[in-house]
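The next block holds one structure in the form of structure tokens; read it before the comments.
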Amino acid sequence: MTQKPTADAPLKIGTRGSPLALAQAHETRARLMAAFDLPEDAFEIVVIKTTGDDRSLIDADRPLKEIGNKGLFTKEIEEAMLNGDIDIAVHSMKDMPTEQPDGLILNTYLPREDTRDAFICPQFQSLHDLPQGAVVGSSSLRRRAQLLARRPDLQVVEFRGNVQTRLKKLNEGVAVATFLAMAGLNRMSMTEVPRTAIEPEDMLPAVAQGAIGIERRTDDTRMELMLAKIHDTNTGIRLAAERAFLAELDGSCETPIAALAELDGGTLRLRGEILRPDGSTSHAGEISGKAFDGPQLGRQLAQELKGKAGPGFFDWH
């Protein structure tokens, strides 16, 4: 490495300002500090407001898919990096489009957290326990579709905001239950939140759920060398399969698509699901093969599910 960051010339880490985003940026900083024996003041965390965070522009009850979802939580951060205002950007991988802007690369991943969804409800233990017609809040098109596919009797209302905002809405009685990612709850040590982890067999998670990705400029050799020290290879292998599956379906973070890749030695198992937004139709499948064939397996499974769904399945876009 040519030059280590210092307090006078800190490494600038770009992030959104939510408590979860900051926790992820702090984890990234801690791993870089440990890898290179650096003090905390050798880093500067730069909070950047994205379109998806701007309440003055976006009604909090308006579905993200109506606003234009691609880059909603990333565009301003990536612009700051291209302008040289930050050195790296820390992202929740399930928010990330499958293609990066010219000049940027996303190929560093921290060890993956729990991939499961969490059922959040003070009164009931599981989705199956909810009474007929209960109101459930979710802003995720995937979760809404999966929920309606399993319990078409339920009423699903828009439930946007960060973790704290959604919990506040739940306490105010806007809905009886909601869903969050187990990974976020774990990263913020929110053990007091009433939750039941939902196994993938019952609700397959979003592509790349539980994974933190770190983006950099393509030509930044110093960052390339530093980030290589904290990259988790197994997470990279799993995400390569899931994101190839997503890319083949031309999906985004607001498309009802789910996938989970798991490693067992040198074997990768990939499960995938596509749904209509109203939950009326879904198609699921799985494929296994060599771990490093993940992208090929992802594309193959996507093609199989598209074949099952038939032409017109995605015409709701």
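Letters for chains follow the order of the structure tokens (A, B, ...), residue numbers begin at 1 for each chain, and ligand numbers begin at 1 in the order shown.
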
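The neighbours of region 79-93 of chain A here are the residues that come within 6 Å of it, using only C-alpha atoms and leaving out any residue fewer than 5 positions away in the same chain; they are Lys12, Ile13, Gly14, Thr15, Ala25, Ala208, Ala211, Ile212, Gly213, Ile214, Glu215 and Arg216 of chain A.
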
**Item:** Contacts of Leu104 (chain A) at 7 Å (only C-alpha atoms; same-chain gap of 2+ positions) as a PyMOL selection string
**Value:** chain A and resi 100-102+106+215-218

**Complete:** From the list A:Glu248, A:Glu224, A:Glu304, A:Asp264, the nearest residue to Thr98 (chain A) using only C-alpha atoms is A:Glu248

**Message:** Residues near region 118-126 of chain A, anyone? I mean within 10 Å using only C-alpha atoms, not counting same-chain ones fewer than 2 positions away, as a ChimeraX atom specification.
**Reply:** /A:115-116,128-131,136,167,170-171,175-185,193-199,203

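The residues of region 147-194 of chain A that DSSP assigns to strand (DSSP E or B) on this backbone come out as Gln155, Val156, Val157, Ala177, Thr178, Phe179, Leu180 and Ala181 of chain A.
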
What would the file look like if the residues just selected were written as a CSV table (one decimal), in the first residue's frame with C-alpha atoms?
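As written to disk, again.csv reads:
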```csv
chain,number,residue,atom,x,y,z
A,155,GLN,CA,-54.6,-6.0,4.7
A,156,VAL,CA,-51.2,-4.7,3.7
A,157,VAL,CA,-50.4,-1.0,4.2
A,177,ALA,CA,-47.3,-6.4,12.6
A,178,THR,CA,-44.4,-5.6,10.3
A,179,PHE,CA,-41.2,-7.1,8.9
A,180,LEU,CA,-37.6,-6.1,9.3
A,181,ALA,CA,-34.3,-7.8,8.4
```

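Using only C-alpha atoms, the nearest neighbour of Pro19 (chain A) within the list A:Arg187, A:His283, A:Arg269, A:Lys306 is A:Arg187.
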
**Request:** From a DSSP calculation on the backbone, collect every residue of region 218-289 of chain A in helix (DSSP H, G or I) and output the set as an MDAnalysis selection string.
**Result:** chainID A and resid 221:228 233:248

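From CA of Arg112 (chain A) back to CA of Asp232 (chain A), the distance works out to 8.2 Å.
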
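Residue nearest Gly272 (chain A) within the list A:Leu305, A:Lys290, A:Ala247, A:Lys229: A:Leu305 [criterion: smallest interatomic distance, only C-alpha atoms].
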
**Asked** Excluding same-chain residues fewer than 2 positions from Leu32 (chain A), what lies within 12 Å of it counting only C-alpha atoms, as JSON, numbers by chain?
**Response** {"A": [4, 5, 11, 13, 25, 26, 27, 28, 29, 30, 34, 35, 36, 37, 38, 39, 40, 42, 43, 88, 110, 214, 223, 225, 226, 227, 228, 229, 230, 231]}

Keeping only C-alpha atoms, write the selected residues as a compact mmCIF listing (two decimals), in the first residue's frame.
```txt
# COMPACT_ATOMS: atom_id res chain seq x y z
CA LYS A 4 -1.89 4.90 5.07
CA PRO A 5 -4.60 7.38 5.97
CA LEU A 11 -9.91 8.05 4.57
CA ILE A 13 -16.25 6.81 4.18
CA ALA A 25 -20.07 2.39 8.23
CA HIS A 26 -18.70 1.98 11.76
CA GLU A 27 -18.24 -1.76 11.19
CA THR A 28 -16.33 -1.03 7.99
CA ARG A 29 -14.12 1.48 9.81
CA ALA A 30 -13.48 -0.98 12.66
CA ALA A 34 -7.93 -3.69 12.79
CA ALA A 35 -6.51 -4.77 9.43
CA PHE A 36 -4.03 -1.90 9.23
CA ASP A 37 -3.53 -0.99 12.90
CA LEU A 38 -4.95 2.49 12.39
CA PRO A 39 -6.52 4.91 14.89
CA GLU A 40 -10.13 6.00 14.60
CA ALA A 42 -7.53 8.21 10.44
CA PHE A 43 -11.10 7.92 9.13
CA ILE A 88 -15.35 4.62 -0.43
CA LEU A 110 -18.03 -7.89 4.72
CA ILE A 214 -18.11 -1.34 -0.17
CA MET A 223 -8.44 1.56 -1.90
CA LEU A 225 -5.38 -2.91 -1.83
CA MET A 226 -6.91 -1.84 1.48
CA LEU A 227 -10.35 -3.28 0.79
CA ALA A 228 -8.89 -6.62 -0.31
CA LYS A 229 -7.79 -7.13 3.31
CA ILE A 230 -11.36 -7.02 4.65
CA HIS A 231 -13.19 -8.76 1.81
```

Within 10 Å of Pro277 (chain A) using only C-alpha atoms, minus same-chain residues under 6 positions, as a PDB file with C-alpha atoms, in the first residue's frame:
```pdb
ATOM      1  CA  LEU A 141     -42.778  -5.110  -2.675  1.00  0.00           C
ATOM      2  CA  ARG A 142     -41.226  -8.552  -2.188  1.00  0.00           C
ATOM      3  CA  ARG A 143     -42.507  -8.964   1.367  1.00  0.00           C
ATOM      4  CA  ARG A 144     -45.955  -7.655   0.430  1.00  0.00           C
ATOM      5  CA  ALA A 145     -46.228 -10.124  -2.448  1.00  0.00           C
ATOM      6  CA  GLN A 146     -44.982 -13.043  -0.347  1.00  0.00           C
ATOM      7  CA  LEU A 148     -50.392 -11.886   0.212  1.00  0.00           C
ATOM      8  CA  ALA A 149     -49.453 -15.169  -1.463  1.00  0.00           C
ATOM      9  CA  THR A 255     -39.152  -5.876  -7.603  1.00  0.00           C
ATOM     10  CA  PRO A 256     -40.871  -8.929  -6.044  1.00  0.00           C
ATOM     11  CA  ILE A 257     -37.892 -11.228  -6.465  1.00  0.00           C
ATOM     12  CA  PHE A 314     -43.394  -8.886 -15.645  1.00  0.00           C
ATOM     13  CA  TRP A 316     -46.847  -4.895 -14.483  1.00  0.00           C
ATOM     14  CA  HIS A 317     -43.615  -2.786 -14.604  1.00  0.00           C
TER      15      HIS A 317
END
```
